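Novice: My structure is below; once you've seen it, I'll send some questions.
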Amino acid sequence: MKTSCSEQTNRTSLTSRSHGNAFTLIEILVVIVGIVILASLTIPTGPQVKVKAKGVACMYNLRQLALALNMYASDNADHMPWPNWGNDPVNLPLVKGRQYPGWLYSGNVKANPLNFKNWGTNRIISLKSGAYWPYLQYPDRFVCPADKRSQDPNSAWSRRDNKLSSYVMNGAAAFYPPNGVNSRFGYATAKITQVQGSATIIQWEPDTDNPQNWRDGSAYPNAVAGISRLHNQRGNTGCVDGHAASITIGQFNNVTNDPPKGTPGKGPGWWNPATPDGHGTQTGAQY
């Protein structure tokens, strides 16, 4: 079929314009390289993704622990569980006619020694004796995924007395009994309604390089306990109101001195209801 000269001219003109507007192969490669460079700057790499994912999982664990705290309190006249402040006899004495276990375990954590080989099964024996277990029957919720076990007997993990959990409870829940005299206040614990502020820290993951943080299941919110650096120099906390938060090392350092000892007031870490400054008590707990 023959075409007119005008049709041939138009077709040639369109073809020429399309070639003129097309990208060359070099231009396409330059664009692709640019996209790859931008992606490498903005999208986390494989190891970074894993670190972030473990941090998110750790914060989720602390949120679940905080919710378990609230469910326990709801069933126990608003009282928090015993924070495993020190290692007591096999069973705690009766408190107001009832025996109360610690949040993590009952009695002495050394009664069920754990190591790298038996940890997976034997830890459940102790966890089942704790106050949280009826509300959180999943052992891995007590452990940060970045807190690695070790077969080395000299490692910080192996030297912990308490290998049940990566987390500790704030001793303010029991009014910070004097060291070595855990029964001073009759194993009494604070009520959730006595605690002020949504940012009040009840549990956190302390410095994993210090095995002394795991002599039992609780700690002071001070520089000795510190906070974990496993999540890009950030640590995770669980709060009394049921939420969890990620904070920097500097922010936790501020918590350790808020308020300074002897200064009236309460802070996110030092919130002991029995004392004016939220720190340890010398006169006895009022509950």
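Each chain of the structure tokens is named A, B, ... in the order shown, its residues numbered from 1; ligands are numbered from 1 in display order.
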Based on the backbone DSSP call, show me all residues of region 40-197 of chain A assigned strand (DSSP E), as a PDB file with all heavy atoms, in the first residue's frame.
Specialist:
ATOM      1  N   LEU A  94       4.451 -15.160 104.953  1.00  0.00           N
ATOM      2  CA  LEU A  94       3.111 -14.664 104.662  1.00  0.00           C
ATOM      3  C   LEU A  94       3.043 -13.152 104.882  1.00  0.00           C
ATOM      4  O   LEU A  94       3.584 -12.629 105.853  1.00  0.00           O
ATOM      5  CB  LEU A  94       2.084 -15.357 105.558  1.00  0.00           C
ATOM      6  CG  LEU A  94       1.866 -16.856 105.308  1.00  0.00           C
ATOM      7  CD1 LEU A  94       0.862 -17.403 106.321  1.00  0.00           C
ATOM      8  CD2 LEU A  94       1.362 -17.094 103.902  1.00  0.00           C
ATOM      9  N   VAL A  95       2.413 -12.463 103.968  1.00  0.00           N
ATOM     10  CA  VAL A  95       2.185 -11.030 104.081  1.00  0.00           C
ATOM     11  C   VAL A  95       0.685 -10.818 104.118  1.00  0.00           C
ATOM     12  O   VAL A  95      -0.020 -11.078 103.143  1.00  0.00           O
ATOM     13  CB  VAL A  95       2.809 -10.262 102.893  1.00  0.00           C
ATOM     14  CG1 VAL A  95       2.511  -8.771 103.030  1.00  0.00           C
ATOM     15  CG2 VAL A  95       4.312 -10.506 102.837  1.00  0.00           C
ATOM     16  N   ARG A  98      -1.174 -13.919 103.132  1.00  0.00           N
ATOM     17  CA  ARG A  98      -0.971 -14.526 101.814  1.00  0.00           C
ATOM     18  C   ARG A  98       0.505 -14.536 101.465  1.00  0.00           C
ATOM     19  O   ARG A  98       1.244 -13.621 101.825  1.00  0.00           O
ATOM     20  CB  ARG A  98      -1.741 -13.734 100.757  1.00  0.00           C
ATOM     21  CG  ARG A  98      -1.591 -14.325  99.359  1.00  0.00           C
ATOM     22  CD  ARG A  98      -2.445 -13.582  98.348  1.00  0.00           C
ATOM     23  NE  ARG A  98      -2.200 -14.069  97.008  1.00  0.00           N
ATOM     24  CZ  ARG A  98      -2.766 -13.563  95.915  1.00  0.00           C
ATOM     25  NH1 ARG A  98      -3.621 -12.571  96.021  1.00  0.00           N
ATOM     26  NH2 ARG A  98      -2.498 -14.053  94.734  1.00  0.00           N
ATOM     27  N   GLN A  99       0.907 -15.576 100.755  1.00  0.00           N
ATOM     28  CA  GLN A  99       2.302 -15.696 100.364  1.00  0.00           C
ATOM     29  C   GLN A  99       2.495 -15.074  98.988  1.00  0.00           C
ATOM     30  O   GLN A  99       1.828 -15.441  98.022  1.00  0.00           O
ATOM     31  CB  GLN A  99       2.707 -17.170 100.331  1.00  0.00           C
ATOM     32  CG  GLN A  99       4.211 -17.379 100.316  1.00  0.00           C
ATOM     33  CD  GLN A  99       4.553 -18.838 100.542  1.00  0.00           C
ATOM     34  OE1 GLN A  99       4.197 -19.682  99.741  1.00  0.00           O
ATOM     35  NE2 GLN A  99       5.219 -19.130 101.644  1.00  0.00           N
ATOM     36  N   VAL A 168      15.595  -6.027  85.150  1.00  0.00           N
ATOM     37  CA  VAL A 168      15.470  -5.933  86.604  1.00  0.00           C
ATOM     38  C   VAL A 168      14.292  -5.025  86.943  1.00  0.00           C
ATOM     39  O   VAL A 168      13.846  -4.229  86.118  1.00  0.00           O
ATOM     40  CB  VAL A 168      16.759  -5.374  87.250  1.00  0.00           C
ATOM     41  CG1 VAL A 168      17.912  -6.340  87.090  1.00  0.00           C
ATOM     42  CG2 VAL A 168      17.108  -3.998  86.674  1.00  0.00           C
ATOM     43  N   MET A 169      13.797  -5.167  88.166  1.00  0.00           N
ATOM     44  CA  MET A 169      12.711  -4.308  88.636  1.00  0.00           C
ATOM     45  C   MET A 169      13.277  -3.246  89.572  1.00  0.00           C
ATOM     46  O   MET A 169      14.217  -3.504  90.335  1.00  0.00           O
ATOM     47  CB  MET A 169      11.633  -5.126  89.359  1.00  0.00           C
ATOM     48  CG  MET A 169      10.475  -4.272  89.875  1.00  0.00           C
ATOM     49  SD  MET A 169       9.134  -5.233  90.639  1.00  0.00           S
ATOM     50  CE  MET A 169       8.266  -5.790  89.178  1.00  0.00           C
ATOM     51  N   ASN A 170      12.702  -2.081  89.503  1.00  0.00           N
ATOM     52  CA  ASN A 170      13.096  -0.985  90.370  1.00  0.00           C
ATOM     53  C   ASN A 170      12.767  -1.327  91.825  1.00  0.00           C
ATOM     54  O   ASN A 170      11.626  -1.642  92.162  1.00  0.00           O
ATOM     55  CB  ASN A 170      12.343   0.285  89.951  1.00  0.00           C
ATOM     56  CG  ASN A 170      12.927   1.547  90.544  1.00  0.00           C
ATOM     57  OD1 ASN A 170      13.500   1.525  91.624  1.00  0.00           O
ATOM     58  ND2 ASN A 170      12.767   2.647  89.843  1.00  0.00           N
TER      59      ASN A 170
END
Novice: Just want the 8 Å neighbourhood of Lys110 (chain A), counted on only C-alpha atoms, with same-chain residues fewer than 2 positions away dropped. Output as a VMD selection string.
Specialist: chain A and resid 108 112 to 113 161 to 162
Novice: Just all heavy atoms for this one: save the residues we selected as a tab-separated table (two decimals), in the first residue's frame.
Specialist:
chain	number	residue	atom	x	y	z
A	108	ASN	N	15.35	-18.18	96.56
A	108	ASN	CA	16.72	-17.85	96.19
A	108	ASN	C	17.00	-18.29	94.76
A	108	ASN	O	16.84	-19.46	94.42
A	108	ASN	CB	17.68	-18.56	97.16
A	108	ASN	CG	19.09	-18.04	97.05
A	108	ASN	OD1	19.55	-17.62	95.99
A	108	ASN	ND2	19.80	-18.06	98.17
A	112	ASN	N	18.35	-22.79	91.81
A	112	ASN	CA	18.21	-23.45	90.51
A	112	ASN	C	19.29	-22.89	89.58
A	112	ASN	O	19.02	-22.08	88.70
A	112	ASN	CB	16.82	-23.19	89.93
A	112	ASN	CG	16.62	-23.85	88.57
A	112	ASN	OD1	17.29	-24.83	88.22
A	112	ASN	ND2	15.71	-23.31	87.76
A	113	PRO	N	20.55	-23.32	89.78
A	113	PRO	CA	21.65	-22.75	89.00
A	113	PRO	C	21.50	-23.08	87.50
A	113	PRO	O	21.22	-24.21	87.13
A	113	PRO	CB	22.89	-23.41	89.59
A	113	PRO	CG	22.39	-24.67	90.23
A	113	PRO	CD	21.02	-24.35	90.72
A	161	ASP	N	24.31	-14.52	88.79
A	161	ASP	CA	23.52	-15.45	89.60
A	161	ASP	C	22.15	-15.64	88.99
A	161	ASP	O	21.61	-16.75	88.96
A	161	ASP	CB	23.38	-14.92	91.03
A	161	ASP	CG	24.69	-14.94	91.79
A	161	ASP	OD1	25.53	-15.81	91.48
A	161	ASP	OD2	24.88	-14.09	92.68
A	162	ASN	N	21.58	-14.55	88.50
A	162	ASN	CA	20.25	-14.57	87.89
A	162	ASN	C	20.37	-14.55	86.38
A	162	ASN	O	20.71	-13.53	85.78
A	162	ASN	CB	19.44	-13.36	88.38
A	162	ASN	CG	18.13	-13.20	87.61
A	162	ASN	OD1	17.63	-14.13	86.99
A	162	ASN	ND2	17.59	-11.99	87.62
Novice: For region 62-76 of chain A, list every protein, DNA or RNA residue within 9 Å, evaluated using only C-alpha atoms, and leave out those in the same chain fewer than 6 positions away; present the list as a count of residues only.
Specialist: 26
Novice: Between A:Thr193, A:Ser155, A:Thr263, A:Ser228, which residue has the minimum interatomic distance to Ser246 (chain A), considering only C-alpha atoms?
Specialist: A:Ser228
Novice: Considering only C-alpha atoms, can you say which of A:Leu164, A:Ile32, A:Ile26, A:Ala172 comes closest to Ala274 (chain A)?
Specialist: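 Closest to Ala274 (chain A) of all the choices is A:Ala172.
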Novice: Could you check how far CA of Gln151 (chain A) sits from CA of Val109 (chain A), in Å to one decimal?
Specialist: 19.8 Å
Novice: Could you pull out the helix (DSSP H, G or I) residues of region 124-252 of chain A from DSSP and send them as a PyMOL selection string?
Specialist: chain A and resi 124-127+133-135+139-142+171-174+192-194+211-214+249-252
Novice: To one decimal place, how far is CA of Ser166 (chain A) from CA of Asp147 (chain A) in Å?
Specialist: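 Separation of CA of Ser166 (chain A) and CA of Asp147 (chain A): 6.8 Å.
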Novice: Between A:Asn232, A:Pro178, A:Pro259, A:Ala219, which one has atoms that come closest to Val51 (chain A), using only C-alpha atoms?
Specialist: A:Asn232
Novice: Taking only C-alpha atoms into account, which of A:Tyr105, A:Phe185, A:Trp157, A:Tyr138 comes nearest Asn210 (chain A)?
Specialist: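 The answer is A:Trp157, which sits nearest to Asn210 (chain A).
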Novice: If you measure from CA of Gly262 (chain A) to CA of Pro276 (chain A), what distance in Å do you get, rounded to one decimal?
Specialist: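 It comes out at 7.9 Å.
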